[in-house]
$ cat coords.cif   # mmCIF, C-alpha atoms
data_model
#
loop_
_atom_site.label_atom_id
_atom_site.label_comp_id
_atom_site.auth_asym_id
_atom_site.auth_seq_id
_atom_site.Cartn_x
_atom_site.Cartn_y
_atom_site.Cartn_z
CA MET E 21 -19.70 -3.88 12.45
CA ASP E 22 -17.67 -2.56 15.35
CA ARG E 23 -15.22 0.13 14.39
CA ALA E 24 -13.05 1.90 16.86
CA LEU E 25 -12.31 5.56 16.37
CA ALA E 26 -8.82 5.94 17.63
CA CYS E 27 -5.82 8.14 17.26
CA ASP E 28 -3.18 6.08 15.54
CA PRO E 29 -0.46 5.86 18.20
CA VAL E 30 1.92 3.82 16.13
CA PHE E 31 2.12 5.96 13.06
CA ARG E 32 1.75 9.28 14.85
CA HIS E 33 -0.42 10.82 12.19
CA PRO E 34 -1.71 14.17 13.44
CA LEU E 35 -5.28 13.46 12.40
CA VAL E 36 -7.69 11.22 14.20
CA VAL E 37 -7.99 8.28 11.84
CA GLN E 38 -10.42 5.45 11.74
CA MET E 39 -8.50 2.24 12.22
CA PRO E 40 -9.86 -1.03 10.99
CA ASP E 41 -11.23 -3.56 13.44
CA LEU E 42 -8.91 -6.59 13.39
CA GLN E 43 -11.61 -9.04 14.47
CA ALA E 44 -13.89 -7.88 11.68
CA LEU E 45 -11.04 -8.31 9.21
CA GLN E 46 -10.34 -11.80 10.52
CA ARG E 47 -14.04 -12.69 10.07
CA GLY E 48 -13.80 -11.58 6.43
CA ASP E 49 -16.11 -8.60 6.87
CA ALA E 50 -16.17 -6.92 3.45
CA ALA E 51 -16.90 -3.45 4.85
CA ALA E 52 -13.98 -3.66 7.27
CA TRP E 53 -11.66 -4.66 4.44
CA ASP E 54 -13.06 -1.92 2.26
CA MET E 55 -11.89 0.53 4.89
CA ALA E 56 -8.60 -1.25 5.57
CA PHE E 57 -7.34 -1.53 1.98
CA PRO E 58 -6.99 2.24 1.35
CA TRP E 59 -5.40 2.61 4.79
CA LEU E 60 -2.86 -0.13 4.09
CA TRP E 61 -2.19 0.77 0.47
CA PRO E 62 0.44 3.51 1.05
CA ALA E 63 2.54 1.12 3.16
CA ALA E 64 2.39 -1.67 0.57
CA PHE E 65 3.02 0.70 -2.33
CA GLY E 66 5.79 2.62 -0.58
CA ALA E 67 7.66 -0.51 0.50
CA ALA E 68 7.53 -1.95 -3.03
CA GLN E 69 8.60 1.40 -4.47
CA VAL E 70 11.69 1.66 -2.25
CA THR E 71 13.19 -1.42 -3.91
CA LEU E 72 11.67 -1.40 -7.39
CA GLN E 73 11.52 2.26 -8.41
CA PRO E 74 15.07 2.49 -9.83
CA TYR E 75 14.83 -0.76 -11.79
CA LEU E 76 11.24 -1.92 -12.32
CA PRO E 77 8.95 1.04 -11.66
CA ALA E 78 6.13 -0.46 -13.72
CA GLU E 79 5.91 -3.40 -11.31
CA VAL E 80 5.38 -1.37 -8.13
CA GLU E 81 1.59 -1.30 -8.26
CA ASP E 82 1.25 -5.02 -9.05
CA VAL E 83 3.59 -5.98 -6.21
CA ALA E 84 1.61 -3.77 -3.82
CA ILE E 85 -1.70 -5.41 -4.80
CA GLU E 86 -0.22 -8.90 -4.48
CA SER E 87 1.11 -7.93 -1.04
CA LEU E 88 -2.34 -6.89 0.13
CA GLU E 89 -3.66 -10.22 -1.15
CA ALA E 90 -0.95 -12.03 0.79
CA LEU E 91 -1.86 -10.03 3.89
CA VAL E 92 -5.45 -11.30 3.64
CA GLU E 93 -4.05 -14.83 3.90
CA LYS E 94 -2.07 -13.97 7.03
CA VAL E 95 -4.55 -11.78 8.85
CA ARG E 96 -5.76 -14.54 11.17
CA GLU E 97 -2.25 -14.90 12.59
CA LEU E 98 -2.18 -11.33 13.87
CA ARG E 99 -2.90 -10.22 17.41
CA SER E 100 -3.20 -6.47 17.07
CA VAL E 101 -4.17 -3.97 14.42
CA GLU E 102 -0.79 -2.22 14.83
CA GLU E 103 0.87 -5.25 13.20
CA LEU E 104 -0.98 -4.73 9.92
CA LYS E 105 1.07 -1.96 8.31
CA PRO E 106 4.52 -3.30 9.24
CA LEU E 107 3.47 -6.74 8.00
CA VAL E 108 2.18 -5.55 4.65
CA ALA E 109 5.30 -3.39 4.21
CA SER E 110 7.45 -6.40 5.01
CA ILE E 111 5.54 -8.60 2.55
CA ALA E 112 5.87 -5.94 -0.17
CA HIS E 113 9.58 -5.55 0.50
CA HIS E 114 10.18 -9.30 0.25
CA ARG E 115 8.15 -9.61 -2.93
CA ALA E 116 9.97 -6.68 -4.48
CA VAL E 117 13.36 -8.17 -3.58
CA SER E 118 12.35 -11.59 -4.96
CA LEU E 119 11.13 -10.05 -8.21
CA LEU E 120 14.31 -8.02 -8.58
CA ARG E 121 16.52 -11.04 -7.94
CA GLU E 122 14.51 -13.14 -10.35
CA ARG E 123 14.92 -10.52 -13.09
CA PHE E 124 18.63 -10.09 -12.36
CA ALA E 125 19.15 -13.85 -12.47
CA LYS E 126 17.29 -14.05 -15.76
CA LYS E 127 19.38 -11.28 -17.29
CA ARG E 128 22.56 -12.87 -16.02
CA GLY E 129 21.44 -16.18 -17.51
CA GLU E 130 21.05 -14.42 -20.83
CA GLY E 131 24.59 -13.12 -20.50
CA ARG E 132 23.51 -9.53 -20.08
CA THR E 133 24.84 -7.35 -17.35
CA ARG E 134 22.52 -4.38 -17.53
CA SER E 135 19.83 -3.70 -14.99
CA PRO E 136 16.51 -5.30 -15.95
CA ASP E 137 14.40 -2.82 -17.92
CA PRO E 138 16.64 0.03 -16.85
CA VAL E 139 14.92 3.32 -16.36
CA GLN E 140 17.77 4.99 -18.21
CA GLU E 141 18.29 3.04 -21.36
CA GLY E 142 21.85 2.61 -22.48
CA ALA E 143 23.34 2.14 -19.05
CA GLU E 144 26.07 -0.32 -19.96
CA VAL E 145 27.49 -0.65 -16.48
CA ASP E 146 27.61 -3.97 -14.71
CA TYR E 147 24.84 -3.91 -12.12
CA PRO E 148 25.44 -6.03 -9.09
CA ASP E 149 22.33 -7.32 -7.34
CA PRO E 150 21.35 -4.25 -5.26
CA THR E 151 19.82 -6.42 -2.56
CA ALA E 152 22.77 -8.80 -2.20
CA ASN E 153 24.14 -7.46 1.10
CA SER E 154 20.99 -5.97 2.52
CA PRO E 155 20.38 -6.88 6.16
CA LEU E 156 16.68 -6.38 5.47
CA ALA E 157 16.57 -8.95 2.69
CA ALA E 158 18.16 -11.54 4.96
CA LEU E 159 15.32 -11.35 7.47
CA GLU E 160 12.24 -13.54 7.47
CA GLN E 161 9.00 -11.72 6.67
CA LYS E 162 7.67 -11.83 10.23
CA GLU E 163 11.01 -10.85 11.71
CA LEU E 164 11.25 -7.88 9.37
CA ALA E 165 7.70 -6.81 10.24
CA GLU E 166 8.44 -7.07 13.96
CA ARG E 167 11.63 -5.00 13.65
CA LEU E 168 9.83 -2.39 11.59
CA ARG E 169 7.12 -2.17 14.24
CA ARG E 170 9.76 -1.78 16.98
CA THR E 171 11.64 0.87 15.00
CA ILE E 172 8.50 2.93 14.49
CA GLY E 173 7.75 2.60 18.20
CA GLU E 174 11.25 3.49 19.38
CA LEU E 175 12.17 6.35 17.05
CA ARG E 176 10.12 8.93 18.92
CA PRO E 177 9.72 12.50 17.74
CA PRO E 178 11.81 14.47 17.03
CA ILE E 179 14.43 11.73 16.53
CA ASP E 180 12.48 10.12 13.66
CA ALA E 181 12.16 13.37 11.72
CA ILE E 182 15.79 14.35 12.31
CA MET E 183 16.97 10.93 11.16
CA MET E 184 14.90 11.26 7.96
CA ASP E 185 16.30 14.76 7.40
CA ARG E 186 19.84 13.56 7.69
CA PHE E 187 19.85 10.11 6.10
CA MET E 188 17.08 10.39 3.50
CA ASN E 189 17.24 14.07 2.59
CA ASP E 190 20.97 14.60 3.24
CA LEU E 191 20.47 17.84 5.18
CA SER E 192 23.41 19.30 7.08
CA TYR E 193 23.41 19.88 10.85
CA GLU E 194 22.76 23.58 10.23
CA GLU E 195 19.83 22.93 7.88
CA ILE E 196 18.26 20.46 10.31
CA ALA E 197 18.65 22.86 13.25
CA ARG E 198 16.98 25.65 11.25
CA LYS E 199 14.19 23.43 9.95
CA ARG E 200 13.36 21.92 13.35
CA GLY E 201 14.03 25.01 15.44
CA ILE E 202 16.55 23.29 17.71
CA PRO E 203 20.11 24.22 18.75
CA ILE E 204 22.74 22.90 16.34
CA SER E 205 24.42 21.10 19.26
CA SER E 206 21.27 18.99 19.76
CA VAL E 207 21.24 17.61 16.21
CA GLY E 208 24.16 15.26 16.80
CA VAL E 209 22.73 14.14 20.14
CA TYR E 210 19.45 13.10 18.51
CA LEU E 211 21.24 11.41 15.60
CA LYS E 212 23.44 9.45 17.97
CA ARG E 213 20.42 8.25 19.93
CA GLY E 214 18.61 7.31 16.73
CA LEU E 215 21.55 5.32 15.37
CA GLU E 216 21.95 3.53 18.70
CA ALA E 217 18.27 2.55 18.60
CA LEU E 218 18.63 1.20 15.07
CA ARG E 219 21.73 -0.77 16.02
CA ARG E 220 19.88 -2.23 19.02
CA ILE E 221 16.90 -3.30 16.91
CA TRP E 222 18.56 -4.37 13.68
CA GLY E 223 22.04 -5.41 14.76
CA ARG E 224 24.91 -5.00 12.38
CA ARG E 225 25.36 -6.55 9.00
CA GLY E 226 25.73 -10.26 9.43
CA GLU E 227 24.47 -10.23 13.00
CA SER E 228 20.80 -10.39 12.07
CA MET I 10 37.96 16.35 21.62
CA ASN I 11 35.15 14.57 23.45
CA ASP I 12 32.97 11.69 22.14
CA ASP I 13 30.14 13.90 20.90
CA GLN I 14 32.51 16.19 19.00
CA TYR I 15 34.20 13.18 17.42
CA PHE I 16 30.80 11.74 16.42
CA ASP I 17 29.79 15.04 14.79
CA LEU I 18 33.07 15.21 12.91
CA ALA I 19 32.68 11.60 11.73
CA MET I 20 29.12 12.33 10.58
CA LYS I 21 30.31 15.27 8.53
CA VAL I 22 33.02 13.21 6.85
CA ILE I 23 30.70 10.27 6.16
CA GLY I 24 28.05 12.62 4.76
CA GLY I 25 30.59 14.26 2.46
CA GLN I 26 29.98 17.63 4.12
CA ALA I 27 33.37 18.10 5.78
CA THR I 28 35.94 20.71 4.78
CA GLU I 29 39.51 19.76 3.89
CA ALA I 30 40.62 20.94 7.32
CA GLU I 31 37.99 18.76 9.05
CA ARG I 32 39.02 15.73 7.02
CA ALA I 33 42.64 16.31 7.92
CA GLU I 34 41.67 16.66 11.57
CA LEU I 35 39.85 13.32 11.51
CA ASP I 36 42.77 11.60 9.74
CA GLY I 37 45.14 12.97 12.36
CA LEU I 38 42.95 11.77 15.24
CA VAL I 39 42.61 8.29 13.76
CA ALA I 40 46.37 8.06 13.17
CA ARG I 41 47.10 9.02 16.78
CA GLN I 42 44.38 6.89 18.42
CA PRO I 43 43.68 3.55 16.65
CA LYS I 44 40.53 2.94 18.75
CA LEU I 45 38.99 5.96 17.00
CA LYS I 46 39.36 4.15 13.68
CA ALA I 47 37.13 1.34 14.98
CA GLU I 48 34.68 3.94 16.26
CA PHE I 49 34.62 5.63 12.84
CA GLU I 50 33.91 2.29 11.13
CA ARG I 51 31.11 1.62 13.58
CA VAL I 52 29.45 4.96 12.79
CA GLN I 53 29.88 4.25 9.08
CA ALA I 54 28.11 0.89 9.46
CA ASP I 55 25.31 2.55 11.48
CA VAL I 56 24.79 5.16 8.77
CA ARG I 57 24.60 2.45 6.07
CA LEU I 58 22.00 0.64 8.16
CA ALA I 59 20.00 3.86 8.64
CA ARG I 60 20.04 4.52 4.91
CA GLU I 61 18.56 1.08 4.28
CA VAL I 62 16.03 0.93 7.08
CA LEU I 63 14.63 4.46 7.14
CA PRO I 64 13.08 4.46 3.64
CA LEU I 65 11.11 1.36 4.62
CA VAL I 66 10.06 2.91 7.94
CA SER I 67 8.99 6.04 6.09
CA ALA I 68 7.01 3.96 3.57
CA THR I 69 5.26 2.12 6.39
CA GLU I 70 4.10 5.42 7.86
CA ALA I 71 3.10 7.03 4.55
CA MET I 72 -0.45 8.27 3.99
CA ALA I 73 -0.39 8.46 0.18
CA PRO I 74 -0.97 7.49 -2.63
CA GLU I 75 -4.60 6.43 -3.01
CA LEU I 76 -5.66 2.84 -3.65
CA PRO I 77 -6.50 2.51 -7.38
CA ALA I 78 -10.20 1.86 -7.91
CA TYR I 79 -9.63 -1.23 -10.05
CA ALA I 80 -7.81 -3.00 -7.21
CA ARG I 81 -10.79 -2.98 -4.84
CA GLY I 82 -12.77 -5.66 -6.65
CA ARG I 83 -9.77 -7.95 -6.98
CA LEU I 84 -8.92 -7.55 -3.29
CA GLN I 85 -12.48 -8.14 -2.12
CA THR I 86 -12.53 -11.32 -4.21
CA LYS I 87 -9.42 -12.44 -2.36
CA VAL I 88 -11.10 -11.74 0.98
CA ARG I 89 -14.12 -13.84 0.03
CA GLN I 90 -12.02 -16.68 -1.33
CA THR I 91 -9.67 -16.74 1.66
CA LEU I 92 -11.85 -15.85 4.62
CA GLY I 93 -15.28 -16.79 3.32
CA ARG I 94 -18.47 -15.00 4.23
CA PRO I 95 -18.59 -13.41 7.71
CA GLN I 96 -20.67 -15.22 10.31
CA PRO I 97 -23.60 -13.23 11.67
CA SER I 98 -22.88 -12.16 15.24
CA VAL I 99 -25.19 -12.91 18.18
CA THR I 100 -27.09 -9.78 19.24
CA SER I 101 -29.00 -8.91 22.39
CA ALA I 102 -32.61 -7.65 22.54
CA SER I 103 -31.46 -4.11 23.35
CA ASP I 104 -29.05 -4.22 20.42
CA ARG I 105 -31.88 -5.29 18.15
CA GLU I 106 -34.09 -2.50 19.49
CA ARG I 107 -31.37 0.04 18.95
CA ARG I 108 -30.73 -1.26 15.46
CA SER I 109 -34.41 -1.16 14.66
CA MET I 110 -34.51 2.49 15.71
CA TRP I 111 -31.48 3.22 13.54
CA ARG I 112 -33.07 1.34 10.66
CA TRP I 113 -36.10 3.64 10.85
CA ARG I 114 -33.87 6.70 10.95
CA TRP I 115 -31.88 5.29 8.10
CA LEU I 116 -35.03 4.65 6.05
CA LEU I 117 -36.19 8.18 6.71
CA GLY I 118 -32.79 9.46 5.63
CA LEU I 119 -32.86 7.22 2.57
CA ALA I 120 -36.30 8.50 1.58
CA THR I 121 -35.08 12.09 1.87
CA ALA I 122 -31.95 11.30 -0.08
CA THR I 123 -33.94 9.51 -2.79
CA ALA I 124 -36.30 12.48 -3.10
CA ALA I 125 -33.30 14.78 -3.40
CA ILE I 126 -31.73 12.56 -6.05
CA VAL I 127 -34.98 12.38 -8.06
CA LEU I 128 -35.33 16.15 -7.86
CA ALA I 129 -31.73 16.64 -8.93
CA VAL I 130 -32.20 14.28 -11.88
CA VAL I 131 -35.37 16.07 -12.96
CA LEU I 132 -33.75 19.48 -12.68
CA TRP I 133 -30.43 18.66 -14.21
CA GLN I 134 -29.57 15.90 -16.61
CA ALA I 135 -25.82 15.35 -17.02
CA PRO I 136 -24.66 13.45 -20.11
CA ALA I 137 -25.00 9.76 -19.34
CA PRO I 138 -21.79 7.76 -18.90
CA MET I 139 -20.70 5.26 -21.51
CA ILE I 140 -21.52 1.74 -20.35
CA GLN I 141 -19.17 -1.09 -21.28
CA VAL I 142 -20.05 -4.68 -20.50
CA ALA I 143 -17.91 -7.82 -20.63
CA MET I 144 -18.06 -11.40 -19.53
CA LEU I 145 -15.23 -13.68 -18.49
CA ASP I 146 -15.77 -17.37 -18.93
CA ALA I 147 -12.76 -19.62 -19.22
CA ALA I 148 -14.95 -22.51 -20.41
CA GLY I 149 -16.36 -20.61 -23.38
CA ALA I 150 -19.94 -19.67 -24.13
CA SER I 151 -21.23 -22.98 -25.33
CA ARG I 152 -23.31 -24.10 -22.37
CA GLY I 153 -26.97 -23.24 -21.92
CA SER I 154 -26.53 -21.33 -18.68
CA ASP I 155 -23.90 -19.11 -20.32
CA ALA I 156 -26.26 -18.21 -23.11
CA LYS I 157 -28.97 -17.39 -20.59
CA GLU I 158 -26.63 -15.17 -18.61
CA LEU I 159 -25.44 -13.45 -21.75
CA ALA I 160 -29.04 -12.78 -22.71
CA LEU I 161 -29.74 -11.31 -19.28
CA LEU I 162 -26.69 -9.05 -19.56
CA GLN I 163 -27.86 -7.83 -22.97
CA GLN I 164 -31.36 -7.30 -21.67
CA THR I 165 -30.14 -5.21 -18.72
CA TRP I 166 -27.86 -2.98 -20.76
CA ASN I 167 -29.53 -3.12 -24.12
CA LYS I 168 -27.78 -1.61 -27.12
CA THR I 169 -24.45 -2.25 -25.39
CA PRO I 170 -22.21 -4.78 -27.14
CA ILE I 171 -20.86 -7.41 -24.76
CA ASP I 172 -17.19 -8.29 -24.90
CA SER I 173 -16.31 -11.85 -24.10
CA PHE I 174 -13.04 -13.03 -22.57
CA SER I 175 -11.76 -16.53 -22.03
CA SER I 176 -8.61 -15.49 -20.17
CA ALA I 177 -8.56 -13.75 -16.79
CA GLU I 178 -5.54 -11.72 -17.86
CA ASN I 179 -7.35 -10.17 -20.83
CA ALA I 180 -10.38 -9.48 -18.67
CA ARG I 181 -8.20 -7.74 -16.09
CA ALA I 182 -6.53 -5.64 -18.78
CA TRP I 183 -9.98 -4.60 -20.06
CA GLU I 184 -11.10 -3.86 -16.51
CA THR I 185 -8.09 -1.73 -15.64
CA ASN I 186 -8.02 0.19 -18.88
CA SER I 187 -8.79 3.92 -18.87
CA LEU I 188 -12.05 5.01 -17.25
CA GLY I 189 -12.36 8.17 -19.26
CA ASN I 190 -10.30 10.60 -17.22
CA GLY I 191 -10.49 13.23 -19.87
CA GLY I 192 -13.61 12.86 -21.99
CA ARG I 193 -16.91 11.14 -21.37
CA ALA I 194 -17.29 9.13 -18.18
CA VAL I 195 -17.17 5.35 -18.51
CA VAL I 196 -18.72 2.63 -16.39
CA LYS I 197 -17.42 -0.91 -16.80
CA ILE I 198 -19.35 -4.00 -15.83
CA LEU I 199 -17.53 -7.31 -15.83
CA TYR I 200 -19.28 -10.58 -15.13
CA ASP I 201 -16.52 -12.82 -13.79
CA ARG I 202 -18.22 -16.18 -14.12
CA PRO I 203 -15.47 -18.35 -12.51
CA ALA I 204 -15.39 -16.07 -9.45
CA GLY I 205 -19.18 -15.76 -9.35
CA GLU I 206 -18.96 -11.98 -9.30
CA LEU I 207 -20.34 -9.00 -11.11
CA ARG I 208 -17.83 -6.16 -10.82
CA VAL I 209 -18.73 -2.56 -11.46
CA LEU I 210 -16.05 0.05 -11.92
CA GLY I 211 -16.48 3.64 -12.98
CA ARG I 212 -15.72 7.29 -12.64
CA TRP I 213 -18.30 10.02 -12.38
CA LYS I 214 -17.50 13.73 -12.20
CA GLY I 215 -13.89 12.86 -11.51
CA LYS I 216 -14.64 10.52 -8.61
CA PRO I 217 -13.94 6.80 -8.97
CA PHE I 218 -16.37 4.19 -7.69
CA ALA I 219 -16.32 0.41 -7.61
CA LYS I 220 -18.39 -2.40 -6.19
CA THR I 221 -18.51 -6.17 -6.44
CA PHE I 222 -21.80 -8.06 -6.43
CA VAL I 223 -21.70 -11.71 -5.53
CA VAL I 224 -23.70 -13.85 -7.91
CA GLU I 225 -25.25 -16.73 -6.05
CA GLN I 226 -28.43 -18.36 -7.35
CA ASP I 227 -30.08 -15.35 -8.87
CA PHE I 228 -28.07 -13.68 -11.63
CA ALA I 229 -30.95 -11.36 -12.51
CA ALA I 230 -31.05 -10.05 -8.93
CA ALA I 231 -27.31 -9.31 -9.00
CA LEU I 232 -27.76 -7.45 -12.30
CA SER I 233 -30.57 -5.42 -10.85
CA LEU I 234 -28.44 -4.45 -7.82
CA ALA I 235 -25.54 -3.48 -10.08
CA ARG I 236 -27.83 -1.36 -12.28
CA ASP I 237 -29.25 0.41 -9.22
CA PHE I 238 -25.73 1.03 -7.90
CA ILE I 239 -24.64 2.59 -11.20
CA ARG I 240 -27.76 4.78 -11.28
CA GLU I 241 -27.08 5.90 -7.73
CA GLN I 242 -23.43 6.70 -8.45
CA THR I 243 -24.05 8.55 -11.71
CA SER I 244 -26.98 10.64 -10.50
CA ARG I 245 -24.89 12.59 -8.01
#
$ encode --input "coords.cif" --output "structure tokens"
Amino acid sequence: MDRALACDPVFRHPLVVQMPDLQALQRGDAAAWDMAFPWLWPAAFGAAQVTLQPYLPAEVEDVAIESLEALVEKVRELRSVEELKPLVASIAHHRAVSLLRERFAKKRGEGRTRSPDPVQEGAEVDYPDPTANSPLAALEQKELAERLRRTIGELRPPIDAIMMDRFMNDLSYEEIARKRGIPISSVGVYLKRGLEALRRIWGRRGES
Amino acid sequence: MNDDQYFDLAMKVIGGQATEAERAELDGLVARQPKLKAEFERVQADVRLAREVLPLVSATEAMAPELPAYARGRLQTKVRQTLGRPQPSVTSASDRERRSMWRWRWLLGLATATAAIVLAVVLWQAPAPMIQVAMLDAAGASRGSDAKELALLQQTWNKTPIDSFSSAENARAWETNSLGNGGRAVVKILYDRPAGELRVLGRWKGKPFAKTFVVEQDFAAALSLARDFIREQTSR
């Protein structure tokens, strides 16, 4: 089986990683898939976890496995190995959203307004569907995968890391500047560029 | 105040990190210049978008966690069912020559490895893992071929009781149950008759292993391969 040793340019991992050979995967080569599944797993698991963790954490692993199975069905439509991770993440996201909506609909049908299997029992608040206004949920699977791929490609270092610091970890400008060893005046410049890139790729709510 | 300063101020307010004075400054600016209100709303929308998109981007780039061992067999089954068996590729004479050379090297390596394994087994005998065997057959064990296969399973792993499942769900639950993380190591062998597979799943010295053997014409041959695989894995 042909396997290319290549530095992963898309995911910018510092190590040299062995990427699967797309043609071998499309032929159904068991060894190629054996190598690809562990490589793809974090993307499938992580994407399912983003949506399901607060409401249905026990379903994350199942959704991730089903997403890898769905990827096997779609692999012959792909043109490059770089499409694999964004596609499986997109599939996992869609499956997670569908499952969540299905459970919410069922609970609403039963006249209950709690979250399905809430992690914190006793939460009597009325839970609106958390995916209702998501621009991501409105996108087709392929479209979502393509936008994810573009985002990963366009958010170049250090913009990607600074964006994560600010919007996922809620760090202040000062904390980011210290952590990244950059002037505090540069933090806003990078954030502005990052947000512009996201707006270009994803559009605004309702535009996608 | 220039654009960049206004952006930084807006970011602070949106992030809930602004002081009272900074909030008042922003309110004053917006009141004096209505176009800044639209700009503030635009930044707010961008931040909402970033908070939705970035976790998914981060997940796509993640390198952990590890694929659970039990999932491998199921996924390989899906590959076989969806994509079929791979076609052998056409090779040139030089390729064949090169492969032949590698085969010899590989055989030499295998012989050395086998000798090392035998020596290790002779010198040190670890407690054997607990073997668990099960068979999945949705149609039930009434047909002759089933009985023959059951007998072969019993013969290969004698003294081991064989669980029988008629539902794939129960078989999967059995398969994915604990592999002895704490106490004695466990090796599970499931004959999935509808899928035509013999799946081996285990953990030895803390390391998981799994392999699927396709059962074609010769069930005994598949059993023999599975037994050899288990021996190889548990003699390390």
$ residues_around --input "coords.cif" --residues "Phe57 (chain E)" --least-positions-apart "4" --cutoff "9 Å" --atoms "only C-alpha atoms" --output "list in words"
Ala52, Trp53, Trp61 and Leu88 of chain E; Leu76, Arg81 and Leu84 of chain I
$ closest_residue --input "coords.cif" --among "E:Ile221, E:Ala64, E:Leu156, E:Pro106" --to "Pro74 (chain I)" --atoms "all atoms listed in the file"
E:Ala64
$ resolve_selection --input "coords.cif" --expression "the PyMOL selection byres ((chain E) within 8 of (chain I))" --output "PyMOL selection string"
chain E and resi 31+46-50+53-54+57-59+61-67+70+85+88-89+92-93+105-106+109+154-156+168+171-172+183-184+187-188+190+192+208-209+212+215+218-219+224-225
$ resolve_selection --input "coords.cif" --expression "the PyMOL selection byres ((chain I and resi 231-240) around 8)" --output "list in words"
Leu162, Thr165, Val196, Leu207, Val209, Phe222, Val223, Val224, Asp227, Phe228, Ala229, Ala230, Glu241, Gln242, Thr243 and Ser244 of chain I
$ closest_residue --input "coords.cif" --among "E:Ala217, E:Leu107, E:Val207, E:Ala56" --to "Leu164 (chain E)" --atoms "all atoms listed in the file"
E:Leu107
$ atom_distance --input "coords.cif" --atom1 "CA of Ala158 (chain E)" --atom2 "CA of Ile182 (chain E)"
27.0 Å
$ residues_around --input "coords.cif" --residues "Met55 (chain E)" --least-positions-apart "6" --cutoff "10 Å" --atoms "only C-alpha atoms" --output "list in words"
Gln38, Met39, Pro40, Asp41 and Leu45 of chain E
$ write_last_selection --input "coords.cif" --atoms "C-alpha atoms" --output "JSON list (two decimals), in the coordinates of the input"
[["chain", "number", "residue", "atom", "x", "y", "z"],
["E", 38, "GLN", "CA", -10.42, 5.45, 11.74],
["E", 39, "MET", "CA", -8.50, 2.24, 12.22],
["E", 40, "PRO", "CA", -9.86, -1.03, 10.99],
["E", 41, "ASP", "CA", -11.23, -3.56, 13.44],
["E", 45, "LEU", "CA", -11.04, -8.31, 9.21]]
$ resolve_selection --input "coords.cif" --expression "the PyMOL selection byres ((chain E and resi 198-201) around 12)" --output "ChimeraX atom specification"
/E:177-183,185-186,191-197,202-207,210
$ atom_distance --input "coords.cif" --atom1 "CA of Ala160 (chain I)" --atom2 "CA of Phe174 (chain I)"
16.0 Å
$ atom_distance --input "coords.cif" --atom1 "CA of Leu45 (chain I)" --atom2 "CA of Glu31 (chain I)"
15.1 Å
$ axis_aligned_box --input "coords.cif" --around "region 178-185 of chain E" --padding-each-side "3 Å" --output "lines of an AutoDock Vina configuration file"
center_x = 14.4
center_y = 12.4
center_z = 12.2
size_x = 11.2
size_y = 10.6
size_z = 15.6
$ closest_residue --input "coords.cif" --among "E:Ser87, E:Glu166, E:Leu98, E:Ala116" --to "Leu60 (chain E)" --atoms "all atoms listed in the file"
E:Ser87
$ residues_around --input "coords.cif" --residues "Asp36 (chain I)" --least-positions-apart "4" --cutoff "12 Å" --atoms "all atoms listed in the file" --output "list in words"
Tyr15, Leu18, Ala19, Val22, Glu29, Ala30, Glu31, Arg32, Ala40, Arg41, Gln42, Pro43, Leu45, Lys46 and Phe49 of chain I
$ write_last_selection --input "coords.cif" --atoms "C-alpha atoms" --output "PDB file, in the frame of the given file"
ATOM      1  CA  TYR I  15      34.200  13.180  17.420  1.00  0.00           C
ATOM      2  CA  LEU I  18      33.070  15.210  12.910  1.00  0.00           C
ATOM      3  CA  ALA I  19      32.680  11.600  11.730  1.00  0.00           C
ATOM      4  CA  VAL I  22      33.020  13.210   6.850  1.00  0.00           C
ATOM      5  CA  GLU I  29      39.510  19.760   3.890  1.00  0.00           C
ATOM      6  CA  ALA I  30      40.620  20.940   7.320  1.00  0.00           C
ATOM      7  CA  GLU I  31      37.990  18.760   9.050  1.00  0.00           C
ATOM      8  CA  ARG I  32      39.020  15.730   7.020  1.00  0.00           C
ATOM      9  CA  ALA I  40      46.370   8.060  13.170  1.00  0.00           C
ATOM     10  CA  ARG I  41      47.100   9.020  16.780  1.00  0.00           C
ATOM     11  CA  GLN I  42      44.380   6.890  18.420  1.00  0.00           C
ATOM     12  CA  PRO I  43      43.680   3.550  16.650  1.00  0.00           C
ATOM     13  CA  LEU I  45      38.990   5.960  17.000  1.00  0.00           C
ATOM     14  CA  LYS I  46      39.360   4.150  13.680  1.00  0.00           C
ATOM     15  CA  PHE I  49      34.620   5.630  12.840  1.00  0.00           C
TER      16      PHE I  49
END
